[in-house]
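So this block is final12.cif, mmCIF, C-alpha atoms:
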```
data_work
#
loop_
_atom_site.label_atom_id
_atom_site.label_comp_id
_atom_site.auth_asym_id
_atom_site.auth_seq_id
_atom_site.Cartn_x
_atom_site.Cartn_y
_atom_site.Cartn_z
CA MET A 28 13.38 9.42 -6.47
CA ALA A 29 9.92 10.53 -5.48
CA GLU A 30 9.63 11.67 -1.95
CA THR A 31 8.10 9.01 0.21
CA ASN A 32 5.35 9.81 2.63
CA ILE A 33 4.57 6.82 4.74
CA VAL A 34 2.39 7.44 7.71
CA LEU A 35 3.45 5.17 10.52
CA ASN A 36 0.38 5.54 12.67
CA ASN A 37 -1.88 2.97 11.10
CA PRO A 38 -1.80 -0.01 13.44
CA GLU A 39 -4.66 -1.69 11.61
CA GLN A 40 -2.59 -2.08 8.50
CA ALA A 41 -1.94 -5.76 7.96
CA GLY A 42 1.62 -6.64 8.71
CA GLY A 43 2.05 -3.34 10.55
CA THR A 44 5.58 -2.12 10.76
CA ARG A 45 7.00 -4.86 8.56
CA GLU A 46 4.67 -3.87 5.75
CA GLN A 47 5.60 -0.24 6.13
CA GLU A 48 9.27 -1.16 6.03
CA LEU A 49 8.67 -3.15 2.87
CA ILE A 50 6.83 -0.27 1.24
CA LEU A 51 9.64 2.13 2.04
CA SER A 52 12.25 -0.32 0.78
CA VAL A 53 10.45 -0.86 -2.50
CA GLN A 54 9.90 2.86 -2.89
CA ARG A 55 13.62 3.32 -2.45
CA GLY A 56 14.40 0.87 -5.21
CA GLN A 57 14.47 -2.60 -3.71
CA SER A 58 12.06 -3.98 -6.27
CA GLU A 59 12.88 -7.56 -5.36
CA LEU A 60 10.90 -7.06 -2.14
CA PHE A 61 7.69 -6.16 -3.92
CA TYR A 62 6.38 -9.70 -4.13
CA GLU A 63 6.85 -10.10 -0.39
CA LEU A 64 4.76 -6.97 0.03
CA VAL A 65 1.85 -8.16 -2.13
CA ARG A 66 1.95 -11.85 -1.25
CA PRO A 67 -0.45 -11.55 1.73
CA TYR A 68 -3.01 -9.98 -0.59
CA GLU A 69 -2.59 -11.96 -3.78
CA LYS A 70 -5.70 -14.04 -3.12
CA ARG A 71 -7.74 -10.92 -2.53
CA VAL A 72 -6.42 -9.39 -5.71
CA TYR A 73 -7.39 -12.44 -7.72
CA ALA A 74 -10.80 -12.71 -6.02
CA ALA A 75 -11.60 -9.06 -6.72
CA ALA A 76 -10.74 -9.51 -10.39
CA LEU A 77 -12.74 -12.74 -10.57
CA ALA A 78 -15.80 -11.14 -8.97
CA ILE A 79 -15.87 -8.57 -11.74
CA LEU A 80 -14.75 -10.61 -14.72
CA ARG A 81 -16.07 -14.08 -13.82
CA ASN A 82 -13.46 -15.71 -15.95
CA GLU A 83 -10.48 -17.35 -14.31
CA GLN A 84 -8.02 -16.64 -17.09
CA ASP A 85 -9.01 -13.01 -17.36
CA ALA A 86 -9.00 -12.67 -13.59
CA GLU A 87 -5.46 -14.01 -13.34
CA ASP A 88 -4.31 -11.80 -16.17
CA VAL A 89 -5.86 -8.74 -14.59
CA ALA A 90 -4.48 -9.68 -11.17
CA GLN A 91 -0.99 -9.75 -12.66
CA GLU A 92 -1.49 -6.51 -14.57
CA ALA A 93 -2.87 -4.79 -11.47
CA THR A 94 0.07 -5.97 -9.40
CA LEU A 95 2.51 -4.68 -12.00
CA LYS A 96 0.64 -1.38 -12.08
CA ALA A 97 0.84 -1.15 -8.30
CA PHE A 98 4.58 -1.75 -8.54
CA ALA A 99 4.96 0.89 -11.22
CA ASN A 100 3.12 3.40 -9.04
CA ILE A 101 4.46 2.39 -5.66
CA ARG A 102 6.18 5.73 -5.22
CA GLN A 103 2.84 7.47 -5.50
CA PHE A 104 1.40 5.36 -2.70
CA ARG A 105 0.51 7.42 0.31
CA ALA A 106 -0.32 5.50 3.43
CA GLU A 107 -3.38 7.50 4.30
CA ALA A 108 -5.07 4.40 2.89
CA ARG A 109 -4.17 0.83 3.69
CA PHE A 110 -1.85 -0.75 1.19
CA SER A 111 -4.28 -3.64 0.74
CA THR A 112 -7.12 -1.23 -0.05
CA TRP A 113 -4.96 0.65 -2.52
CA LEU A 114 -3.99 -2.59 -4.22
CA ILE A 115 -7.57 -3.85 -4.38
CA GLN A 116 -8.76 -0.55 -5.79
CA ILE A 117 -6.15 -0.74 -8.55
CA THR A 118 -7.33 -4.27 -9.27
CA VAL A 119 -10.98 -3.23 -9.41
CA ASN A 120 -10.14 -0.39 -11.77
CA GLU A 121 -8.13 -2.68 -13.99
CA ALA A 122 -10.90 -5.29 -14.04
CA LEU A 123 -13.59 -2.71 -14.78
CA MET A 124 -11.49 -1.32 -17.62
CA ARG A 125 -10.98 -4.80 -19.01
CA ARG A 126 -14.68 -5.42 -18.87
CA ARG A 127 -15.45 -2.11 -20.55
CA ARG A 128 -13.05 -2.91 -23.33
CA GLY A 129 -15.10 -6.01 -23.91
CA ARG A 130 -12.14 -8.28 -23.77
CA THR A 131 -14.02 -10.72 -21.63
CA VAL A 132 -17.37 -12.39 -21.90
CA ILE A 133 -19.43 -11.81 -18.82
CA MET A 134 -21.77 -14.59 -17.89
CA GLU A 135 -24.36 -12.94 -15.75
CA GLY A 136 -26.14 -14.53 -12.86
CA ILE A 137 -29.60 -15.94 -13.04
CA ASP A 138 -30.95 -13.00 -11.09
CA ASP A 139 -29.83 -10.46 -13.65
CA HIS A 140 -33.05 -10.43 -15.54
CA ARG A 141 -35.44 -11.17 -12.76
CA PRO A 142 -37.96 -8.47 -12.07
CA GLY A 143 -37.60 -6.31 -8.98
CA GLN A 144 -33.82 -6.32 -8.85
CA GLY A 145 -33.34 -2.56 -9.07
CA ASP A 146 -31.52 -0.57 -6.42
CA SER A 147 -34.73 1.13 -5.41
CA ASP A 148 -36.29 -2.19 -4.52
CA SER A 149 -34.77 -2.57 -1.10
CA ASN A 150 -37.74 -4.35 0.42
CA TYR A 151 -36.37 -7.82 -0.04
CA THR A 152 -38.40 -10.35 1.85
CA PRO A 153 -36.52 -13.27 3.34
CA ARG A 154 -37.99 -16.62 2.40
CA ASP A 155 -36.72 -18.96 5.08
CA PHE A 156 -37.30 -18.49 8.78
CA ALA A 157 -36.21 -21.84 10.16
CA ASP A 158 -34.40 -22.04 13.45
CA TRP A 159 -30.77 -21.33 12.95
CA ARG A 160 -27.49 -22.54 14.23
CA GLU A 161 -24.10 -21.15 13.41
CA ILE A 162 -22.09 -23.01 10.77
CA PRO A 163 -18.71 -23.74 12.32
CA SER A 164 -15.89 -22.18 10.39
CA GLU A 165 -14.35 -25.66 10.12
CA ALA A 166 -16.94 -26.28 7.42
CA LEU A 167 -14.82 -24.17 5.12
CA GLU A 168 -12.09 -26.78 5.28
CA ARG A 169 -14.23 -28.79 2.91
CA LYS A 170 -13.71 -27.84 -0.68
CA GLU A 171 -17.25 -28.83 -1.50
CA VAL A 172 -18.62 -26.28 0.95
CA ARG A 173 -16.41 -23.54 -0.44
CA GLN A 174 -17.52 -24.40 -3.95
CA ARG A 175 -21.17 -24.31 -2.94
CA LEU A 176 -20.74 -20.92 -1.36
CA ALA A 177 -18.91 -19.65 -4.45
CA GLN A 178 -21.66 -21.01 -6.68
CA ALA A 179 -24.31 -19.27 -4.62
CA LEU A 180 -22.42 -16.00 -4.89
CA ALA A 181 -22.04 -16.47 -8.63
CA THR A 182 -25.80 -16.58 -9.08
CA LEU A 183 -26.21 -13.01 -7.82
CA ASP A 184 -26.66 -10.14 -10.16
CA ARG A 185 -23.37 -8.44 -10.92
CA LYS A 186 -24.17 -5.26 -9.03
CA TYR A 187 -24.93 -7.17 -5.85
CA ARG A 188 -22.06 -9.59 -6.25
CA GLU A 189 -19.47 -6.86 -6.70
CA VAL A 190 -20.56 -4.88 -3.67
CA PHE A 191 -20.78 -7.98 -1.50
CA MET A 192 -17.39 -9.15 -2.68
CA LEU A 193 -15.63 -5.87 -1.96
CA ARG A 194 -17.30 -5.28 1.39
CA ASP A 195 -17.65 -8.74 2.90
CA MET A 196 -14.81 -10.64 1.26
CA GLU A 197 -12.24 -7.95 0.49
CA HIS A 198 -13.18 -6.06 3.66
CA LEU A 199 -13.21 -2.65 2.09
CA ASN A 200 -15.41 -0.32 4.08
CA ILE A 201 -18.63 1.11 2.68
CA GLN A 202 -17.00 4.33 1.50
CA GLU A 203 -14.07 2.52 -0.13
CA THR A 204 -16.45 0.13 -1.86
CA ALA A 205 -18.45 3.06 -3.20
CA GLU A 206 -15.30 4.76 -4.48
CA ALA A 207 -13.93 1.60 -6.04
CA LEU A 208 -17.12 0.97 -7.98
CA GLY A 209 -17.95 4.58 -8.66
CA ILE A 210 -21.37 4.40 -7.02
CA SER A 211 -22.97 6.18 -4.08
CA VAL A 212 -22.70 5.08 -0.48
CA ALA A 213 -26.48 4.70 -0.41
CA SER A 214 -26.32 2.33 -3.38
CA VAL A 215 -23.64 0.29 -1.68
CA LYS A 216 -25.80 -0.09 1.43
CA THR A 217 -28.87 -1.06 -0.55
CA ARG A 218 -27.03 -3.58 -2.68
CA LEU A 219 -25.21 -4.99 0.29
CA LEU A 220 -28.45 -5.58 2.17
CA ARG A 221 -29.98 -7.39 -0.77
CA ALA A 222 -26.88 -9.42 -1.46
CA ARG A 223 -26.66 -10.61 2.13
CA LEU A 224 -30.33 -11.51 2.36
CA MET A 225 -30.33 -13.28 -1.00
CA LEU A 226 -27.26 -15.29 -0.06
CA ARG A 227 -28.84 -16.20 3.22
CA ASP A 228 -31.84 -17.61 1.39
CA LEU A 229 -29.67 -19.39 -1.14
CA LEU A 230 -27.63 -21.05 1.58
CA ALA A 231 -30.77 -21.98 3.46
CA ALA A 232 -31.98 -23.66 0.28
CA GLY A 233 -28.60 -25.32 0.02
CA TRP A 234 -29.09 -26.72 3.45
CA GLU A 235 -32.27 -28.33 2.23
CA GLN A 236 -30.31 -29.80 -0.66
CA GLY A 237 -27.74 -31.29 1.68
CA TRP A 238 -24.78 -29.01 1.00
CA PHE A 239 -23.78 -29.20 4.62
CA SER A 240 -25.15 -32.67 5.29
CA ARG A 241 -21.88 -33.98 6.65
CA LEU A 242 -21.47 -31.13 9.05
CA PRO A 243 -21.89 -31.97 12.73
CA PHE A 244 -25.13 -30.07 13.30
CA GLU A 245 -27.66 -31.24 15.76
CA LYS A 246 -30.47 -33.17 14.20
CA GLY A 247 -33.38 -30.97 13.12
CA ASN A 248 -31.50 -27.69 13.37
CA LYS A 249 -30.63 -25.56 10.36
CA PRO A 250 -27.74 -23.18 10.42
CA TRP A 251 -30.09 -20.27 9.90
CA MET B 9 -39.88 2.77 19.26
CA VAL B 10 -41.77 -0.26 17.98
CA MET B 11 -40.69 -1.77 14.69
CA ASN B 12 -42.37 -4.29 12.46
CA CYS B 13 -40.54 -7.13 10.67
CA GLU B 14 -40.23 -5.34 7.32
CA GLN B 15 -38.65 -2.35 8.97
CA ILE B 16 -36.23 -4.68 10.70
CA TRP B 17 -35.24 -6.39 7.46
CA ARG B 18 -34.51 -3.05 5.81
CA GLU B 19 -32.11 -2.14 8.59
CA ILE B 20 -30.61 -5.53 9.28
CA SER B 21 -27.53 -4.98 7.15
CA ASN B 22 -26.85 -1.60 8.76
CA TYR B 23 -27.35 -3.26 12.15
CA ILE B 24 -24.62 -5.77 11.33
CA GLU B 25 -22.41 -2.92 10.12
CA GLY B 26 -22.96 -1.08 13.40
CA ASP B 27 -24.39 1.69 11.29
CA VAL B 28 -27.57 2.40 13.28
CA ASP B 29 -28.03 4.92 16.04
CA ALA B 30 -28.45 3.90 19.66
CA ALA B 31 -32.22 4.27 19.75
CA LEU B 32 -32.69 2.18 16.61
CA ARG B 33 -30.35 -0.48 17.93
CA VAL B 34 -32.29 -0.77 21.16
CA ALA B 35 -35.56 -1.04 19.24
CA MET B 36 -34.13 -3.72 16.96
CA ASP B 37 -32.68 -5.67 19.88
CA GLU B 38 -36.09 -5.70 21.53
CA HIS B 39 -37.67 -6.93 18.30
CA PHE B 40 -35.12 -9.71 17.81
CA HIS B 41 -35.73 -10.79 21.37
CA GLY B 42 -39.40 -11.31 20.72
CA CYS B 43 -39.47 -12.31 17.01
CA LYS B 44 -38.16 -15.71 16.06
CA LYS B 45 -38.35 -15.00 12.33
CA CYS B 46 -36.28 -11.86 12.49
CA ALA B 47 -33.82 -13.48 14.89
CA SER B 48 -33.42 -16.20 12.23
CA VAL B 49 -32.87 -13.64 9.51
CA LEU B 50 -30.29 -11.83 11.62
CA ALA B 51 -28.42 -14.98 12.54
CA GLY B 52 -28.43 -16.30 8.99
CA THR B 53 -27.20 -12.97 7.60
CA GLN B 54 -24.44 -12.85 10.19
CA ASN B 55 -23.55 -16.38 9.22
CA VAL B 56 -23.26 -15.33 5.57
CA VAL B 57 -20.98 -12.42 6.47
CA LYS B 58 -18.82 -14.63 8.65
CA LEU B 59 -18.50 -17.48 6.17
CA TYR B 60 -17.78 -15.39 3.10
CA GLY B 61 -15.46 -13.14 5.03
CA ASP B 62 -13.22 -16.06 5.89
CA GLU B 63 -9.82 -16.04 4.19
CA ARG B 64 -10.39 -19.63 3.07
CA MET B 65 -13.08 -18.44 0.71
CA LEU B 66 -10.44 -16.71 -1.34
CA GLU B 67 -8.94 -19.35 -3.54
CA VAL B 68 -6.57 -18.97 -6.42
CA PRO B 69 -5.88 -21.39 -9.26
CA ALA B 70 -3.02 -23.83 -8.84
CA GLY B 71 0.29 -22.18 -9.62
CA PHE B 72 -1.12 -18.68 -9.38
CA SER B 73 1.43 -17.49 -6.83
CA ARG B 74 4.34 -18.93 -8.77
CA ARG B 75 3.16 -17.30 -12.00
CA LEU B 76 2.63 -13.95 -10.33
CA GLU B 77 6.07 -14.02 -8.75
CA LYS B 78 7.58 -15.01 -12.08
CA ARG B 79 5.79 -12.19 -13.87
CA LEU B 80 7.05 -9.68 -11.34
CA ALA B 81 10.57 -11.02 -11.69
CA GLN B 82 10.34 -10.85 -15.48
CA ASN B 83 9.12 -7.30 -15.24
CA ALA B 84 12.04 -6.38 -13.01
CA THR B 85 14.48 -8.09 -15.38
CA LYS B 86 12.93 -6.42 -18.37
CA LYS B 87 13.22 -3.07 -16.69
CA ALA B 88 16.81 -3.76 -15.76
CA SER B 89 17.65 -4.98 -19.25
CA ARG B 90 16.06 -1.89 -20.70
CA TRP B 91 18.43 0.16 -18.60
CA SER B 92 21.44 -1.92 -19.41
CA SER B 93 20.50 -1.85 -23.06
CA TRP B 94 20.16 1.91 -22.91
CA GLU B 95 23.45 2.24 -21.17
CA ALA B 96 25.05 -0.25 -23.48
CA TRP B 97 23.94 1.74 -26.49
CA LEU B 98 24.59 5.12 -25.01
CA VAL B 99 28.34 4.70 -24.72
CA PRO B 100 29.10 3.57 -28.28
CA VAL B 101 26.58 5.99 -29.76
CA ALA B 102 28.14 8.88 -27.87
CA ALA B 103 31.60 7.69 -28.85
CA MET B 104 30.55 7.38 -32.45
CA ALA B 105 29.04 10.84 -32.39
CA LEU B 106 32.23 12.27 -30.96
CA LEU B 107 34.33 10.38 -33.48
CA VAL B 108 32.24 11.47 -36.43
CA GLY B 109 32.14 15.03 -35.17
CA GLY B 110 35.85 15.01 -34.55
CA LEU B 111 36.59 13.59 -37.97
CA LYS B 112 34.36 16.11 -39.60
CA ILE B 113 36.03 18.98 -37.81
CA THR B 114 39.46 17.57 -38.50
CA ASN B 115 38.62 16.97 -42.14
CA ARG B 116 37.14 20.41 -42.50
CA TYR B 117 40.26 22.09 -41.26
CA ALA B 118 42.58 19.61 -42.93
CA PHE B 119 40.99 20.03 -46.32
CA HIS B 120 39.35 23.41 -46.34
CA GLY B 121 41.03 25.34 -43.59
CA PRO B 122 39.28 28.26 -41.97
CA PRO B 123 37.76 30.25 -44.81
CA LYS B 124 39.11 33.72 -45.44
CA SER B 125 35.59 34.87 -46.31
CA ILE B 126 32.43 34.09 -44.42
CA LEU B 127 30.50 34.75 -47.63
CA ALA B 128 32.28 31.96 -49.43
CA PRO B 129 29.76 29.50 -50.90
CA PRO B 130 30.29 25.81 -50.14
CA ALA B 131 32.77 24.27 -52.51
CA ASN B 132 32.94 20.69 -51.48
CA ASP B 133 32.71 19.36 -55.01
CA ILE B 134 35.91 21.00 -56.31
CA PRO B 135 38.39 18.28 -57.26
CA PRO B 136 41.14 18.53 -54.66
CA GLU B 137 43.91 18.14 -57.25
CA LEU B 138 42.50 20.79 -59.55
CA GLN B 139 45.21 23.32 -60.41
CA VAL B 140 44.18 26.79 -59.29
CA VAL B 141 45.87 30.14 -58.86
CA VAL B 142 45.93 32.63 -56.03
CA SER B 143 47.37 36.09 -55.93
CA ASN B 144 48.46 38.71 -53.44
CA GLY B 145 45.76 40.83 -51.92
CA SER B 146 43.01 38.39 -52.75
CA LYS B 147 41.32 35.67 -50.75
CA VAL B 148 39.90 33.99 -53.81
CA PHE B 149 41.38 31.23 -55.86
CA HIS B 150 40.71 30.90 -59.56
CA VAL B 151 41.03 28.63 -62.53
CA PRO B 152 44.18 29.73 -64.40
CA GLY B 153 43.30 32.45 -66.92
CA CYS B 154 40.23 33.68 -65.04
CA ALA B 155 39.56 37.30 -65.96
CA PHE B 156 38.92 38.24 -62.35
CA ILE B 157 42.30 37.47 -60.89
CA HIS B 158 43.67 40.42 -58.92
CA ASP B 159 47.29 41.34 -59.35
CA LYS B 160 48.10 38.77 -61.99
CA ASN B 161 51.79 39.42 -61.47
CA SER B 162 51.68 37.77 -58.10
CA GLU B 163 49.89 34.60 -59.29
CA ARG B 164 50.88 31.39 -57.59
CA THR B 165 49.70 27.96 -58.71
CA MET B 166 48.62 25.27 -56.27
CA THR B 167 45.97 22.59 -55.96
CA ALA B 168 42.43 23.44 -54.89
CA LYS B 169 43.00 21.38 -51.77
CA GLU B 170 46.03 23.46 -50.85
CA ALA B 171 44.21 26.68 -51.62
CA MET B 172 41.32 25.76 -49.37
CA GLN B 173 43.67 24.59 -46.64
CA ASP B 174 45.15 28.08 -46.78
CA GLY B 175 41.69 29.57 -46.40
CA TYR B 176 41.17 30.74 -49.97
CA VAL B 177 37.65 30.58 -51.27
CA PRO B 178 36.64 29.65 -54.82
CA CYS B 179 35.88 32.28 -57.39
CA PRO B 180 32.13 32.25 -57.96
CA ARG B 181 32.74 33.00 -61.59
CA CYS B 182 35.33 30.60 -62.87
CA LEU B 183 34.55 27.85 -60.38
CA ARG B 184 30.82 28.32 -60.43
CA GLN B 185 30.18 24.82 -61.68
CA TYR B 186 31.51 23.47 -58.38
CA LEU B 187 29.69 25.86 -56.11
CA LYS B 188 26.35 25.25 -54.43
CA ILE B 189 24.77 28.56 -55.37
CA SER B 190 21.07 28.88 -55.88
CA LEU B 191 19.81 31.05 -58.69
CA ASN B 192 18.64 33.52 -56.12
CA GLY B 193 21.61 32.97 -53.93
CA HIS B 194 23.77 35.74 -52.72
CA ALA B 195 26.97 34.88 -54.58
CA GLY B 196 25.22 33.96 -57.81
CA GLU B 197 23.43 37.28 -57.98
CA MET B 198 26.58 39.12 -57.38
CA VAL B 199 28.31 37.30 -60.19
CA ALA B 200 25.43 37.87 -62.56
CA ASP B 201 25.15 41.55 -61.79
CA ASP B 202 28.66 42.67 -61.42
CA ASP B 203 31.60 40.33 -61.39
CA GLU B 204 33.96 42.90 -60.02
CA GLU B 205 31.64 43.88 -57.21
CA LYS B 206 31.14 40.22 -56.56
CA GLU B 207 34.80 39.81 -55.90
CA GLU B 208 34.66 42.87 -53.70
CA GLY B 209 31.60 41.52 -52.00
CA LEU B 210 33.46 38.39 -51.11
CA GLU B 211 36.29 40.46 -49.82
CA LEU B 212 33.90 42.60 -47.77
CA GLY B 213 32.78 39.56 -45.94
CA SER B 214 36.27 38.33 -45.36
CA VAL B 215 37.61 37.47 -41.97
CA THR B 216 41.10 37.56 -40.70
CA PRO B 217 42.47 34.07 -40.78
#
```

Just dump the structure as structure tokens.
Amino acid sequence: MAETNIVLNNPEQAGGTREQELILSVQRGQSELFYELVRPYEKRVYAAALAILRNEQDAEDVAQEATLKAFANIRQFRAEARFSTWLIQITVNEALMRRRRGRTVIMEGIDDHRPGQGDSDSNYTPRDFADWREIPSEALERKEVRQRLAQALATLDRKYREVFMLRDMEHLNIQETAEALGISVASVKTRLLRARLMLRDLLAAGWEQGWFSRLPFEKGNKPW
Amino acid sequence: MVMNCEQIWREISNYIEGDVDAALRVAMDEHFHGCKKCASVLAGTQNVVKLYGDERMLEVPAGFSRRLEKRLAQNATKKASRWSSWEAWLVPVAAMALLVGGLKITNRYAFHGPPKSILAPPANDIPPELQVVVSNGSKVFHVPGCAFIHDKNSERTMTAKEAMQDGYVPCPRCLRQYLKISLNGHAGEMVADDDEEKEEGLELGSVTP
């Protein structure tokens, strides 16, 4: 059996000690515990695959393949990184490989072919400056709101969507996002800025269209 | 440090990340305090980060968890069955190999016996019941009447099987048709060149039974 090397001084690791115990157990051969180990992250695995492939069937397939690959390589896992980050990075690699092999049809966002979308164009100008008010997180209980947000994200160019997804939804840090996508830290920062500002404008427009019309905002106030 | 709105927008993402130095942060805070537009951009961007960063935004298709768990279980079973299959095959294959090897060894010594000469060519095709003769002082068996029999007065008749069990080797001359000798082979050349030396050559390579 490969020598295990679990560092037990990472209190930020989700699940903490229990997760570390699970990792050690699986590394020592208790494969039946592997699903318990990945279960807290299965949504993130699927979401990462979906952000890259934009096809639910392919995303599920890749999520399964990535999870199996993580299991096959669990003995190589070294806890210098978080387990969740390691798992997401495997998923991103798997999804990128799938996309490169051309086994999936990528439907790009409407922004893909708009002028001025290059990395160097970081001077994005916000379009909406209305008074803002925070959207309560309870809004996410409504499926319609979640769908609207997902639709807005789907309209972004792939390079912005992937960075935003990994940083703001998968919670990889800037460096990890850069490594996962094979791009520079500077590119991650530029793309992240644009993605956030574009989404802000899209959601502001959504407010105008009544996406959040049933939310308990004060009359006349926008959430931005 | 005084910043205009465009400069603020370029740094707003880094500001949210906490990736600006103290002086820049102070300058941006002052700007947000006095600029409604930029305060709106900041608040809206923070709202985006907060909403999309919520766990509820990560949805999976119905049955996803069940299918993933099943796939993992199938993988584990497959792996296990591969091992059990390997183990299941290993035992009989090893047993078969031992059996075949044992039979071959047994058969070799039962039928051929340890050869008296290491130069003896293979003679597996000699009919076991063929009547052959051996004689004293020789480790070769012959067809009766062979001109190369040593000490004809001591001839003894037996079957080829018996002769080989006793370690005698076939005469490359009179039993050539049964021997696997290439045209350039050692025994064949010896026979062709000098039958007597051939017999001696066989004897030279003889081993003590």

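Residue membership of the PyMOL selection byres ((chain B and resi 160-165) around 10) in the shown file amounts to B:Gln139, B:Val140, B:Val141, B:Val142, B:Ser143, B:Asn144, B:Gly145, B:Phe149, B:His150, B:Val151, B:Pro152, B:Gly153, B:Cys154, B:Ala155, B:Phe156, B:Ile157, B:His158, B:Asp159, B:Met166, B:Thr167, B:Ala168, B:Glu170, B:Ala171.
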
Show me, as a CSV table (one decimal) with C-alpha atoms, in the coordinates of the input, every residue of chain B with an atom at most 10 Å from chain A, counting all atoms listed in the file.
```csv
chain,number,residue,atom,x,y,z
B,13,CYS,CA,-40.5,-7.1,10.7
B,14,GLU,CA,-40.2,-5.3,7.3
B,15,GLN,CA,-38.6,-2.4,9.0
B,17,TRP,CA,-35.2,-6.4,7.5
B,18,ARG,CA,-34.5,-3.0,5.8
B,19,GLU,CA,-32.1,-2.1,8.6
B,20,ILE,CA,-30.6,-5.5,9.3
B,21,SER,CA,-27.5,-5.0,7.2
B,22,ASN,CA,-26.8,-1.6,8.8
B,24,ILE,CA,-24.6,-5.8,11.3
B,25,GLU,CA,-22.4,-2.9,10.1
B,44,LYS,CA,-38.2,-15.7,16.1
B,45,LYS,CA,-38.4,-15.0,12.3
B,46,CYS,CA,-36.3,-11.9,12.5
B,47,ALA,CA,-33.8,-13.5,14.9
B,48,SER,CA,-33.4,-16.2,12.2
B,49,VAL,CA,-32.9,-13.6,9.5
B,50,LEU,CA,-30.3,-11.8,11.6
B,51,ALA,CA,-28.4,-15.0,12.5
B,52,GLY,CA,-28.4,-16.3,9.0
B,53,THR,CA,-27.2,-13.0,7.6
B,54,GLN,CA,-24.4,-12.8,10.2
B,55,ASN,CA,-23.6,-16.4,9.2
B,56,VAL,CA,-23.3,-15.3,5.6
B,57,VAL,CA,-21.0,-12.4,6.5
B,58,LYS,CA,-18.8,-14.6,8.6
B,59,LEU,CA,-18.5,-17.5,6.2
B,60,TYR,CA,-17.8,-15.4,3.1
B,61,GLY,CA,-15.5,-13.1,5.0
B,62,ASP,CA,-13.2,-16.1,5.9
B,63,GLU,CA,-9.8,-16.0,4.2
B,64,ARG,CA,-10.4,-19.6,3.1
B,65,MET,CA,-13.1,-18.4,0.7
B,66,LEU,CA,-10.4,-16.7,-1.3
B,67,GLU,CA,-8.9,-19.4,-3.5
B,68,VAL,CA,-6.6,-19.0,-6.4
B,69,PRO,CA,-5.9,-21.4,-9.3
B,72,PHE,CA,-1.1,-18.7,-9.4
B,73,SER,CA,1.4,-17.5,-6.8
B,75,ARG,CA,3.2,-17.3,-12.0
B,76,LEU,CA,2.6,-14.0,-10.3
B,77,GLU,CA,6.1,-14.0,-8.8
B,78,LYS,CA,7.6,-15.0,-12.1
B,79,ARG,CA,5.8,-12.2,-13.9
B,80,LEU,CA,7.0,-9.7,-11.3
B,81,ALA,CA,10.6,-11.0,-11.7
B,83,ASN,CA,9.1,-7.3,-15.2
B,84,ALA,CA,12.0,-6.4,-13.0
```

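Reported to one decimal place, the separation of atom CA of B:Pro136 from atom CA of B:Val177 is 13.0 Å.
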
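Atom CA of A:Lys96 is positioned 8.9 Å from atom CA of A:Thr118.
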
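Listed by chain and then by number, the residues chosen by the PyMOL selection byres ((chain B and resi 148) around 6) in this file are Ser146, Lys147, Phe149, Tyr176, Val177, Pro178 and Cys179 of chain B.
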
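Rounded to one decimal, atom CA of A:Glu189 and atom CA of B:Val28 lie 23.5 Å from each other.
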
Report summary line: Residue with the minimum atom-to-atom distance to B:Ile16, picked from B:Arg181, B:Arg74, B:Lys169, B:His39 with only C-alpha atoms counted, is B:His39

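Protein, DNA and RNA residues at most 12 Å from (-33.6, 3.4, 17.9), with all atoms listed in the file, are these: Met9, Val10, Met11, Gln15, Ile16, Glu19, Tyr23, Asp27, Val28, Asp29, Ala30, Ala31, Leu32, Arg33, Val34, Ala35, Met36, Asp37, Glu38 and His39 of chain B.
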
Report task. Translate the PyMOL selection byres ((chain A and resi 80) around 7), as applied to the file shown, into an explicit residue set as a VMD selection string. Result -> chain A and resid 76 to 79 81 to 82 85 to 86 122 126 131 133

Requested in this report: May I have the residues at most 12 Å from (-13.1, 2.0, -4.7) in the file's coordinates, counting all atoms listed in the file, as a VMD selection string?
Outcome: chain A and resid 75 108 111 to 121 123 189 to 190 193 to 194 197 to 212 215
